[in-house]
$ cat protein_0.csv   # CSV, C-alpha atoms
chain,number,residue,atom,x,y,z
A,1,MET,CA,-7.9,-14.4,-17.4
A,2,ASN,CA,-7.9,-12.7,-20.7
A,3,GLY,CA,-9.8,-9.7,-21.9
A,4,LEU,CA,-10.6,-8.2,-18.5
A,5,ASN,CA,-12.4,-4.8,-18.4
A,6,ILE,CA,-10.1,-2.7,-16.2
A,7,GLY,CA,-10.7,0.7,-14.7
A,8,ILE,CA,-7.6,2.8,-13.8
A,9,VAL,CA,-8.1,5.8,-11.5
A,10,GLY,CA,-5.4,8.3,-12.1
A,11,GLY,CA,-3.7,9.2,-15.4
A,12,SER,CA,-0.2,10.1,-14.2
A,13,ILE,CA,3.0,8.1,-14.4
A,14,ALA,CA,1.7,4.9,-12.7
A,15,GLY,CA,-1.7,5.1,-14.3
A,16,CYS,CA,-0.4,5.5,-17.9
A,17,SER,CA,2.2,2.8,-17.4
A,18,ALA,CA,-0.6,0.4,-16.2
A,19,ALA,CA,-2.8,1.3,-19.2
A,20,ILE,CA,0.0,0.6,-21.7
A,21,LEU,CA,1.0,-2.7,-20.2
A,22,MET,CA,-2.6,-3.9,-19.6
A,23,ARG,CA,-3.7,-3.0,-23.1
A,24,ARG,CA,-0.8,-4.9,-24.7
A,25,ALA,CA,-1.7,-7.9,-22.6
A,26,GLY,CA,-5.2,-7.9,-24.3
A,27,HIS,CA,-7.2,-6.2,-21.6
A,28,LYS,CA,-9.7,-3.3,-22.1
A,29,VAL,CA,-8.7,-0.3,-20.1
A,30,THR,CA,-10.3,3.0,-19.2
A,31,VAL,CA,-8.2,5.7,-17.4
A,32,PHE,CA,-10.0,8.3,-15.3
A,33,GLU,CA,-8.0,11.5,-14.8
A,34,ARG,CA,-9.7,14.2,-12.9
A,35,SER,CA,-7.5,17.0,-14.4
A,36,GLU,CA,-8.8,18.6,-17.5
A,37,GLY,CA,-5.5,19.4,-19.2
A,38,ALA,CA,-2.1,17.8,-19.8
A,39,LEU,CA,-0.2,16.9,-16.6
A,40,VAL,CA,2.8,19.0,-17.4
A,41,GLY,CA,4.7,21.2,-15.0
A,42,ARG,CA,3.8,18.9,-12.1
A,43,GLY,CA,7.3,17.7,-11.3
A,44,GLY,CA,11.0,18.4,-11.9
A,45,GLY,CA,13.8,15.9,-12.2
A,46,ILE,CA,13.4,12.2,-11.4
A,47,GLY,CA,15.6,9.2,-12.1
A,48,THR,CA,15.9,5.5,-12.0
A,49,THR,CA,18.4,2.7,-12.3
A,50,PRO,CA,19.9,1.8,-15.7
A,51,GLN,CA,18.4,-1.6,-15.5
A,52,LEU,CA,14.8,-0.3,-15.2
A,53,PHE,CA,15.5,2.5,-17.7
A,54,ASP,CA,16.7,-0.1,-20.3
A,55,SER,CA,13.7,-2.3,-19.5
A,56,LEU,CA,11.3,0.6,-20.2
A,57,ILE,CA,12.9,1.1,-23.6
A,58,GLU,CA,13.0,-2.7,-24.4
A,59,GLN,CA,9.3,-2.9,-23.7
A,60,ASP,CA,8.5,0.2,-25.7
A,61,VAL,CA,7.1,2.0,-22.7
A,62,ILE,CA,9.4,4.9,-23.5
A,63,ASP,CA,11.1,5.9,-26.8
A,64,SER,CA,14.5,4.4,-27.6
A,65,GLU,CA,15.9,8.0,-27.8
A,66,PHE,CA,14.2,9.1,-24.6
A,67,PRO,CA,16.0,12.3,-23.4
A,68,HIS,CA,18.0,11.7,-20.3
A,69,CYS,CA,21.3,12.4,-18.5
A,70,SER,CA,23.6,9.8,-17.0
A,71,VAL,CA,25.1,10.0,-13.5
A,72,THR,CA,28.4,8.3,-12.9
A,73,GLU,CA,29.3,9.4,-9.3
A,74,MET,CA,27.9,10.8,-6.1
A,75,PRO,CA,30.4,13.1,-4.4
A,76,PHE,CA,29.9,13.8,-0.7
A,77,THR,CA,30.5,17.5,-0.4
A,78,ALA,CA,30.5,20.2,2.2
A,79,ARG,CA,31.5,23.9,2.7
A,80,ARG,CA,34.6,24.5,4.8
A,81,SER,CA,34.6,28.4,4.8
A,82,SER,CA,32.3,31.2,3.7
A,83,ASP,CA,34.1,31.7,0.4
A,84,ASP,CA,34.5,28.0,-0.4
A,85,ARG,CA,33.3,27.8,-4.0
A,86,LEU,CA,33.0,24.1,-4.8
A,87,GLY,CA,33.3,22.7,-1.4
A,88,TYR,CA,35.4,19.8,0.0
A,89,THR,CA,34.7,16.3,-1.2
A,90,PRO,CA,36.3,13.6,1.0
A,91,TRP,CA,34.9,10.7,-1.1
A,92,ALA,CA,32.7,10.0,-4.1
A,93,MET,CA,30.7,6.9,-4.6
A,94,PRO,CA,30.6,5.3,-8.1
A,95,MET,CA,27.0,5.6,-9.2
A,96,ALA,CA,24.8,4.3,-12.1
A,97,PHE,CA,21.7,6.4,-12.5
A,98,ARG,CA,19.6,7.9,-15.3
A,99,THR,CA,17.9,11.3,-14.7
A,100,PHE,CA,15.2,12.9,-16.8
A,101,HIS,CA,12.3,15.3,-16.6
A,102,TRP,CA,9.0,14.2,-15.1
A,103,SER,CA,7.0,15.9,-17.8
A,104,ALA,CA,9.0,14.2,-20.6
A,105,LEU,CA,8.3,10.8,-19.0
A,106,TRP,CA,4.6,11.5,-18.7
A,107,ASN,CA,4.4,12.8,-22.3
A,108,ASN,CA,6.1,9.6,-23.6
A,109,LEU,CA,3.7,7.4,-21.6
A,110,ARG,CA,0.6,9.4,-22.5
A,111,ARG,CA,1.2,9.2,-26.3
A,112,ARG,CA,1.0,5.4,-25.9
A,113,VAL,CA,-2.5,5.5,-24.4
A,114,PRO,CA,-5.3,6.0,-27.0
A,115,ASP,CA,-7.5,9.0,-26.4
A,116,GLU,CA,-10.5,6.8,-26.3
A,117,SER,CA,-9.1,5.0,-23.3
A,118,TYR,CA,-8.0,8.2,-21.5
A,119,ARG,CA,-10.9,10.2,-20.0
A,120,LYS,CA,-9.6,13.5,-18.7
A,121,GLY,CA,-11.7,15.8,-16.5
A,122,VAL,CA,-13.5,12.8,-14.9
A,123,GLN,CA,-13.4,12.4,-11.2
A,124,VAL,CA,-14.0,9.1,-9.4
A,125,VAL,CA,-15.7,9.5,-6.0
A,126,ASN,CA,-16.3,5.9,-4.9
A,127,ALA,CA,-15.5,2.3,-5.8
A,128,VAL,CA,-17.9,-0.4,-4.5
A,129,SER,CA,-17.4,-4.1,-4.8
A,130,GLU,CA,-20.5,-6.0,-6.1
A,131,ASP,CA,-20.8,-9.8,-5.6
A,132,GLY,CA,-17.1,-10.2,-5.3
A,133,ASP,CA,-16.4,-10.2,-9.0
A,134,THR,CA,-17.4,-6.6,-10.1
A,135,VAL,CA,-16.3,-3.1,-9.1
A,136,ILE,CA,-18.6,-0.2,-9.6
A,137,LEU,CA,-17.0,3.2,-10.0
A,138,GLU,CA,-19.1,6.1,-9.1
A,139,LEU,CA,-18.2,9.4,-10.9
A,140,ARG,CA,-18.8,12.9,-9.6
A,141,ASP,CA,-21.5,13.5,-12.2
A,142,GLY,CA,-23.5,10.7,-10.7
A,143,THR,CA,-22.9,8.1,-13.4
A,144,LYS,CA,-21.7,4.6,-12.5
A,145,GLU,CA,-19.4,2.2,-14.5
A,146,ARG,CA,-18.7,-1.5,-14.0
A,147,PHE,CA,-15.3,-3.2,-14.2
A,148,ASP,CA,-13.8,-6.6,-13.6
A,149,LEU,CA,-10.8,-5.0,-11.9
A,150,VAL,CA,-10.0,-1.5,-10.7
A,151,LEU,CA,-6.4,-0.1,-10.2
A,152,PHE,CA,-6.0,3.0,-8.1
A,153,ALA,CA,-3.0,4.9,-9.4
A,154,ASP,CA,-4.0,8.2,-7.8
A,155,GLY,CA,-0.9,9.2,-5.8
A,156,TYR,CA,0.1,9.5,-2.2
A,157,GLN,CA,-3.3,11.0,-1.1
A,158,SER,CA,-5.1,8.1,-2.8
A,159,LEU,CA,-8.9,7.9,-2.7
A,160,GLY,CA,-8.5,4.1,-3.3
A,161,ARG,CA,-6.3,3.7,-0.2
A,162,ARG,CA,-8.8,5.6,1.9
A,163,LEU,CA,-11.7,3.4,0.6
A,164,ILE,CA,-9.9,0.0,0.9
A,165,PHE,CA,-7.8,0.6,4.0
A,166,PRO,CA,-9.5,3.5,5.9
A,167,ASP,CA,-7.2,3.0,8.9
A,168,ALA,CA,-4.0,3.6,6.9
A,169,GLU,CA,-2.9,7.1,7.5
A,170,LEU,CA,-0.1,9.3,6.1
A,171,SER,CA,2.7,9.7,8.5
A,172,TYR,CA,4.5,13.1,8.3
A,173,ARG,CA,8.2,12.6,8.7
A,174,GLY,CA,9.1,16.1,10.1
A,175,TYR,CA,10.8,17.5,7.0
A,176,MET,CA,10.1,18.8,3.6
A,177,LEU,CA,11.6,18.6,0.1
A,178,TRP,CA,12.2,22.1,-1.3
A,179,ARG,CA,12.9,22.0,-5.0
A,180,GLY,CA,13.9,24.2,-8.0
A,181,LEU,CA,14.9,24.1,-11.6
A,182,LEU,CA,17.5,26.5,-13.1
A,183,PRO,CA,18.5,26.6,-16.8
A,184,GLU,CA,22.2,25.8,-17.2
A,185,ARG,CA,22.6,28.9,-19.4
A,186,GLU,CA,21.9,31.1,-16.4
A,187,MET,CA,25.1,29.9,-14.7
A,188,LYS,CA,28.5,31.3,-15.8
A,189,GLU,CA,30.0,27.9,-15.3
A,190,SER,CA,28.3,24.5,-15.2
A,191,ALA,CA,31.3,22.2,-15.9
A,192,PRO,CA,31.9,21.4,-12.2
A,193,LEU,CA,28.7,19.4,-12.0
A,194,GLY,CA,29.1,17.3,-15.2
A,195,SER,CA,27.8,13.8,-14.7
A,196,LYS,CA,27.9,14.0,-10.9
A,197,LEU,CA,25.1,14.0,-8.4
A,198,PRO,CA,26.6,15.8,-5.4
A,199,ARG,CA,25.1,15.1,-2.0
A,200,LEU,CA,25.8,18.2,0.1
A,201,SER,CA,25.7,18.3,3.9
A,202,TYR,CA,24.8,21.5,5.6
A,203,SER,CA,27.2,23.2,8.0
A,204,ASN,CA,24.7,24.0,10.8
A,205,LEU,CA,21.4,22.4,9.8
A,206,CYS,CA,19.9,18.9,9.7
A,207,GLY,CA,19.1,17.6,6.2
A,208,HIS,CA,21.0,17.7,3.0
A,209,MET,CA,20.8,18.8,-0.7
A,210,VAL,CA,21.3,17.1,-4.0
A,211,THR,CA,21.6,18.5,-7.5
A,212,TYR,CA,21.9,17.0,-10.9
A,213,PHE,CA,21.3,17.8,-14.6
A,214,ILE,CA,18.2,16.9,-16.5
A,215,PRO,CA,17.4,17.6,-20.2
A,216,ASP,CA,15.6,20.8,-21.0
A,217,GLU,CA,12.0,21.1,-22.0
A,218,HIS,CA,12.9,20.4,-25.6
A,219,GLY,CA,14.7,17.2,-24.7
A,220,SER,CA,18.2,18.5,-25.2
A,221,ALA,CA,20.9,17.0,-22.9
A,222,LYS,CA,23.7,19.0,-24.6
A,223,GLU,CA,26.0,21.1,-22.4
A,224,GLY,CA,24.5,24.6,-22.1
A,225,ASP,CA,20.9,23.4,-22.8
A,226,ARG,CA,20.4,21.3,-19.7
A,227,ILE,CA,18.6,22.2,-16.5
A,228,PHE,CA,20.0,22.2,-13.0
A,229,ASN,CA,17.5,20.2,-10.8
A,230,TRP,CA,18.1,20.7,-7.1
A,231,ALA,CA,16.3,19.3,-4.1
A,232,ALA,CA,16.9,20.4,-0.5
A,233,TYR,CA,15.7,18.4,2.5
A,234,VAL,CA,14.9,20.8,5.3
A,235,PRO,CA,13.4,20.1,8.7
A,236,LEU,CA,9.9,21.5,9.3
A,237,SER,CA,8.2,20.8,12.6
A,238,GLY,CA,4.6,19.7,12.7
A,239,ASP,CA,3.7,22.8,14.7
A,240,ALA,CA,4.9,25.0,11.9
A,241,LEU,CA,3.0,23.2,9.1
A,242,ASN,CA,-0.3,25.2,9.2
A,243,ASP,CA,1.4,28.6,8.9
A,244,PHE,CA,4.0,27.4,6.3
A,245,MET,CA,1.5,25.8,4.0
A,246,ILE,CA,-0.4,29.1,3.3
A,247,ASP,CA,0.4,30.1,-0.3
A,248,ARG,CA,0.9,33.7,-1.6
A,249,ASP,CA,-2.8,33.9,-2.5
A,250,GLY,CA,-3.8,33.1,1.1
A,251,ARG,CA,-4.9,29.6,0.2
A,252,GLU,CA,-4.2,26.7,2.6
A,253,ARG,CA,-2.3,24.0,0.7
A,254,THR,CA,-2.2,20.3,1.6
A,255,GLY,CA,1.0,18.3,1.0
A,256,THR,CA,2.5,20.5,-1.7
A,257,ILE,CA,3.0,24.2,-2.7
A,258,PRO,CA,3.3,24.3,-6.5
A,259,PRO,CA,5.8,26.5,-8.5
A,260,GLY,CA,5.1,30.2,-8.2
A,261,LYS,CA,2.8,29.8,-5.2
A,262,MET,CA,5.1,29.9,-2.2
A,263,ARG,CA,5.0,33.2,-0.3
A,264,ILE,CA,7.9,35.3,-1.4
A,265,ALA,CA,9.0,35.9,2.2
A,266,GLU,CA,9.1,32.2,2.9
A,267,GLU,CA,11.0,31.5,-0.3
A,268,ASP,CA,13.5,34.2,0.7
A,269,ARG,CA,13.8,32.7,4.2
A,270,LEU,CA,14.5,29.2,2.9
A,271,LYS,CA,17.1,30.6,0.4
A,272,GLN,CA,18.9,32.4,3.3
A,273,LEU,CA,18.7,29.3,5.6
A,274,VAL,CA,20.0,26.8,3.1
A,275,CYS,CA,22.5,29.0,1.1
A,276,GLN,CA,24.4,30.0,4.2
A,277,ASN,CA,25.2,26.2,4.6
A,278,LEU,CA,26.4,25.5,1.0
A,279,PRO,CA,29.5,26.1,-1.0
A,280,THR,CA,29.0,29.3,-3.1
A,281,TYR,CA,28.7,27.5,-6.4
A,282,TYR,CA,25.6,25.6,-5.2
A,283,SER,CA,24.2,28.6,-3.2
A,284,ASP,CA,24.3,30.6,-6.5
A,285,ILE,CA,22.2,27.9,-8.2
A,286,VAL,CA,19.6,28.1,-5.4
A,287,ASN,CA,19.6,31.9,-5.2
A,288,LYS,CA,19.1,32.3,-9.0
A,289,THR,CA,16.2,29.9,-9.1
A,290,GLN,CA,12.7,31.4,-9.3
A,291,ASP,CA,9.3,29.8,-8.5
A,292,THR,CA,10.6,27.1,-6.2
A,293,TYR,CA,8.2,24.6,-4.8
A,294,VAL,CA,7.6,22.3,-1.8
A,295,GLN,CA,6.6,18.8,-1.1
A,296,LEU,CA,6.0,17.6,2.5
A,297,ILE,CA,7.4,14.1,3.2
A,298,TYR,CA,5.0,11.4,4.2
A,299,THR,CA,5.1,7.6,4.4
A,300,VAL,CA,2.5,4.9,4.5
A,301,GLU,CA,3.0,1.3,5.4
A,302,LEU,CA,0.4,-1.3,4.3
A,303,ASP,CA,-0.1,-5.0,4.9
A,304,ALA,CA,-2.0,-5.6,1.6
A,305,TYR,CA,-2.4,-4.0,-1.8
A,306,TYR,CA,-5.9,-5.0,-2.7
A,307,ARG,CA,-9.4,-5.9,-1.5
A,308,ASP,CA,-12.3,-7.1,-3.5
A,309,ARG,CA,-10.7,-6.5,-6.9
A,310,ARG,CA,-9.6,-3.0,-6.0
A,311,CYS,CA,-5.9,-2.7,-6.2
A,312,LEU,CA,-3.3,0.0,-5.4
A,313,ILE,CA,-0.3,0.8,-7.6
A,314,GLY,CA,2.5,3.4,-7.4
A,315,ASP,CA,2.2,5.9,-4.6
A,316,ALA,CA,-1.4,4.9,-4.0
A,317,GLY,CA,0.2,1.9,-2.3
A,318,MET,CA,3.2,2.2,0.0
A,319,VAL,CA,4.5,5.8,0.2
A,320,ILE,CA,8.3,5.9,0.4
A,321,GLN,CA,10.7,8.7,1.0
A,322,PRO,CA,11.8,10.3,-2.3
A,323,PHE,CA,15.5,10.2,-1.6
A,324,THR,CA,15.4,6.4,-2.2
A,325,GLY,CA,14.8,7.2,-5.9
A,326,SER,CA,12.4,4.3,-6.1
A,327,GLY,CA,9.2,6.0,-7.4
A,328,VAL,CA,9.4,4.9,-11.1
A,329,PHE,CA,10.8,1.4,-10.0
A,330,LYS,CA,7.9,0.9,-7.6
A,331,GLY,CA,5.0,1.9,-9.9
A,332,PHE,CA,6.3,0.0,-13.0
A,333,ASN,CA,7.0,-3.2,-11.1
A,334,ASN,CA,3.6,-3.1,-9.4
A,335,VAL,CA,1.9,-3.3,-12.8
A,336,LYS,CA,4.4,-5.7,-14.4
A,337,GLU,CA,4.1,-8.2,-11.5
A,338,LEU,CA,0.3,-7.9,-11.5
A,339,LEU,CA,0.3,-9.0,-15.2
A,340,GLY,CA,2.5,-11.9,-14.3
A,341,ALA,CA,0.1,-13.0,-11.5
A,342,LEU,CA,-2.9,-12.7,-13.8
A,343,ASP,CA,-1.2,-14.7,-16.5
A,344,SER,CA,-0.2,-17.5,-14.1
A,345,HIS,CA,-3.6,-18.0,-12.4
A,346,ASN,CA,-7.1,-19.0,-13.4
A,347,ASN,CA,-8.6,-17.7,-10.2
A,348,MET,CA,-8.7,-13.9,-9.7
A,349,ASP,CA,-8.5,-14.0,-5.9
A,350,GLU,CA,-5.5,-16.3,-6.0
A,351,ALA,CA,-3.7,-14.1,-8.5
A,352,LEU,CA,-4.4,-10.9,-6.5
A,353,SER,CA,-3.4,-12.5,-3.2
A,354,GLN,CA,-0.1,-13.7,-4.6
A,355,TRP,CA,0.6,-10.3,-6.2
A,356,SER,CA,-0.4,-8.4,-3.1
A,357,GLU,CA,2.0,-10.4,-0.9
A,358,ALA,CA,4.9,-9.7,-3.3
A,359,GLN,CA,4.1,-6.0,-3.4
A,360,VAL,CA,4.0,-5.8,0.4
A,361,ARG,CA,7.4,-7.5,0.7
A,362,SER,CA,8.9,-5.2,-1.9
A,363,GLY,CA,7.3,-2.1,-0.5
A,364,LYS,CA,8.4,-2.8,3.1
A,365,ARG,CA,12.0,-3.3,1.8
A,366,LEU,CA,11.9,0.1,0.2
A,367,LEU,CA,10.3,1.7,3.2
A,368,ALA,CA,13.0,0.1,5.4
A,369,LEU,CA,15.6,1.6,3.1
A,370,GLY,CA,13.9,5.0,3.4
A,371,GLU,CA,13.8,4.9,7.2
A,372,GLN,CA,17.4,3.7,7.2
A,373,MET,CA,18.5,6.6,5.1
A,374,GLU,CA,16.6,9.2,7.2
A,375,LYS,CA,19.0,9.0,10.1
A,376,PRO,CA,22.2,9.8,8.2
A,377,PHE,CA,20.6,12.0,5.6
A,378,ILE,CA,18.2,14.1,7.7
A,379,TRP,CA,18.6,13.8,11.5
A,380,GLU,CA,22.2,12.8,12.2
A,381,PRO,CA,24.2,13.6,9.0
A,382,LEU,CA,27.9,13.3,8.7
A,383,ASN,CA,29.6,16.6,8.3
A,384,PHE,CA,31.7,15.9,5.2
A,385,ALA,CA,33.8,19.0,5.9
A,386,ASP,CA,35.4,17.2,8.8
A,387,ALA,CA,35.6,13.7,7.3
A,388,ASP,CA,38.3,11.9,5.2
A,389,ALA,CA,37.7,9.3,2.5
A,390,GLU,CA,37.9,6.3,4.7
A,391,THR,CA,35.5,7.7,7.2
A,392,THR,CA,33.0,8.8,4.6
A,393,ALA,CA,33.1,5.5,2.7
A,394,ALA,CA,32.6,3.6,5.9
A,395,TRP,CA,29.7,5.8,6.9
A,396,TRP,CA,28.0,5.2,3.6
A,397,LYS,CA,28.5,1.4,3.8
A,398,THR,CA,27.1,1.2,7.3
A,399,SER,CA,24.3,3.7,6.7
A,400,VAL,CA,22.7,2.4,3.5
A,401,THR,CA,22.0,-1.2,2.4
A,402,PHE,CA,20.1,-1.4,-1.0
A,403,PRO,CA,17.8,-4.3,-1.8
A,404,ASP,CA,19.3,-6.8,-4.2
A,405,ASP,CA,17.0,-5.8,-7.0
A,406,PHE,CA,17.3,-2.0,-6.6
A,407,THR,CA,20.5,-0.1,-6.2
A,408,HIS,CA,22.2,3.2,-7.4
A,409,GLU,CA,25.7,1.9,-6.7
A,410,ALA,CA,27.7,1.1,-9.8
A,411,LYS,CA,29.1,-2.4,-10.0
A,412,SER,CA,32.8,-2.6,-9.6
A,413,GLY,CA,34.7,-4.1,-12.6
$ encode --input "protein_0.csv" --output "structure tokens"
Amino acid sequence: MNGLNIGIVGGSIAGCSAAILMRRAGHKVTVFERSEGALVGRGGGIGTTPQLFDSLIEQDVIDSEFPHCSVTEMPFTARRSSDDRLGYTPWAMPMAFRTFHWSALWNNLRRRVPDESYRKGVQVVNAVSEDGDTVILELRDGTKERFDLVLFADGYQSLGRRLIFPDAELSYRGYMLWRGLLPEREMKESAPLGSKLPRLSYSNLCGHMVTYFIPDEHGSAKEGDRIFNWAAYVPLSGDALNDFMIDRDGRERTGTIPPGKMRIAEEDRLKQLVCQNLPTYYSDIVNKTQDTYVQLIYTVELDAYYRDRRCLIGDAGMVIQPFTGSGVFKGFNNVKELLGALDSHNNMDEALSQWSEAQVRSGKRLLALGEQMEKPFIWEPLNFADADAETTAAWWKTSVTFPDDFTHEAKSG
């Protein structure tokens, strides 16, 4: 099946990755991105395993000198007293992880998609299968375009998922991810963080916080130039959602409150709530950060990834908890394995069926990992302040079991 005409709905990370790989395989692609401008400022720090990172470079999906920081260990840290500066760390897990800026990744990917293949400011409103071998995309301006195959890469609130599997609903998990970015130069001392990714338990609150370095907006990973990326998981009941999701302009938000839009009183309340549970070094980072932002945590489980030549990739498919660190892994592998299925079959339905079954298996393994991590990381966390090395290491070992093909743990030896 060479030279397919493929429509891709969504021009973010998964959509651009799909466009790059599909074009190189000889297919014609058209990306439909509803936003008019560049997708910058949408995200903070993200990361992936060294194996996937190296694979992205080897396949020229990202530059060989793509700016990143390397994480070598994950300390489990907690505050023991009100003046505890760095906290107490009973144990640190050897870790292998690459961290980088969301915008830098998107810019790298976008440069590899020709402008004639990337149509910004164009919104898809429907996708209808015709005769089982064609998909007609309906655009907001009323025009229609025909494709051999359509890939929905339109995120966790995917139109494609709603069209293909209308009964699949987002499940709110009862907590949010509160995030911020702080330039390293604004802290008097940054050395304690180094190449670490601390996982900090709260003293009197469910949830936890992580922080790590990412390169700055110019791609510098030098000491002094970097950015503190921090992410705090905080419980938020379903009953409190409607009030909390009103932004400072009085607008009701769905799913996220972007930087600079959270009500100042709510931002101050969160800072007080979280910072009173952290060692002072980390509470200073949070308190100094301006324009923090929020993402509500949802999941979606699916039993298939396609119907009638309409496919889901990235967060348009299974939605997994972000603390698994699987977002880049999931989206890239969806596309890579789809190409493998298309190359190994002469029949489209057989190729998509085989591919879909593999994505469901992988997605459910990652979803199981996320659900497994929720208990120790959100609802029943270990208070590291009262733990020793043996207890903490045993807690980690019994709490988290990574899939064989996806792990943050560094290999011994």
$ closest_residue --input "protein_0.csv" --among "A:Leu151, A:Met348, A:Met176, A:Val128" --to "Ala19 of chain A" --atoms "all atoms listed in the file"
A:Leu151
$ closest_residue --input "protein_0.csv" --among "A:Met209, A:Ala304, A:Ile257, A:Leu56" --to "Phe323 of chain A" --atoms "all atoms listed in the file"
A:Met209
$ residues_around --input "protein_0.csv" --residues "Asp243 of chain A" --least-positions-apart "5" --cutoff "12 Å" --atoms "only C-alpha atoms" --output "PyMOL selection string"
chain A and resi 236-238+248+250-254+262-263+266
$ residues_around --input "protein_0.csv" --residues "Ser283 of chain A" --least-positions-apart "6" --cutoff "9 Å" --atoms "only C-alpha atoms" --output "ChimeraX atom specification"
/A:271,274-277
$ closest_residue --input "protein_0.csv" --among "A:Glu357, A:Asp308, A:Asp303, A:Asp154" --to "Gly11 of chain A" --atoms "all atoms listed in the file"
A:Asp154
$ closest_residue --input "protein_0.csv" --among "A:Leu366, A:Cys69, A:Ile164, A:Val210" --to "Phe97 of chain A" --atoms "all atoms listed in the file"
A:Cys69
$ residues_around --input "protein_0.csv" --residues "segment 375-381 of chain A" --least-positions-apart "2" --cutoff "8 Å" --atoms "only C-alpha atoms" --output "ChimeraX atom specification"
/A:201,206-208,233-235,371-373,383,399
$ atom_distance --input "protein_0.csv" --atom1 "atom CA of Gln354 of chain A" --atom2 "atom CA of Tyr298 of chain A"
27.1 Å
$ atom_distance --input "protein_0.csv" --atom1 "atom CA of Gln359 of chain A" --atom2 "atom CA of Arg24 of chain A"
21.9 Å
$ residues_around --input "protein_0.csv" --residues "Arg226 of chain A" --least-positions-apart "2" --cutoff "7 Å" --atoms "all atoms listed in the file" --output "ChimeraX atom specification"
/A:183-184,213-216,220-224,228
$ residues_around --input "protein_0.csv" --residues "His345 of chain A" --least-positions-apart "6" --cutoff "12 Å" --atoms "only C-alpha atoms" --output "ChimeraX atom specification"
/A:1-2,338-339,351-355
$ closest_residue --input "protein_0.csv" --among "A:Ser203, A:Gln59, A:Thr280, A:Thr143" --to "Asp84 of chain A" --atoms "only C-alpha atoms"
A:Thr280
$ residues_near_point --input "protein_0.csv" --point "(17.6, 19.7, -12.0)" --cutoff "7 Å" --atoms "all atoms listed in the file" --output "compact mmCIF listing (two decimals) with C-alpha atoms, in the coordinates of the input"
# COMPACT_ATOMS: atom_id res chain seq x y z
CA GLY A 44 11.00 18.40 -11.90
CA GLY A 45 13.80 15.90 -12.20
CA LEU A 181 14.90 24.10 -11.60
CA LEU A 182 17.50 26.50 -13.10
CA THR A 211 21.60 18.50 -7.50
CA TYR A 212 21.90 17.00 -10.90
CA PHE A 213 21.30 17.80 -14.60
CA ILE A 214 18.20 16.90 -16.50
CA ILE A 227 18.60 22.20 -16.50
CA PHE A 228 20.00 22.20 -13.00
CA ASN A 229 17.50 20.20 -10.80
CA TRP A 230 18.10 20.70 -7.10
$ atom_distance --input "protein_0.csv" --atom1 "atom CA of Asp148 of chain A" --atom2 "atom CA of Ser17 of chain A"
18.9 Å
$ closest_residue --input "protein_0.csv" --among "A:Gly155, A:Ala18, A:Pro94, A:Ile46" --to "Val113 of chain A" --atoms "all atoms listed in the file"
A:Ala18
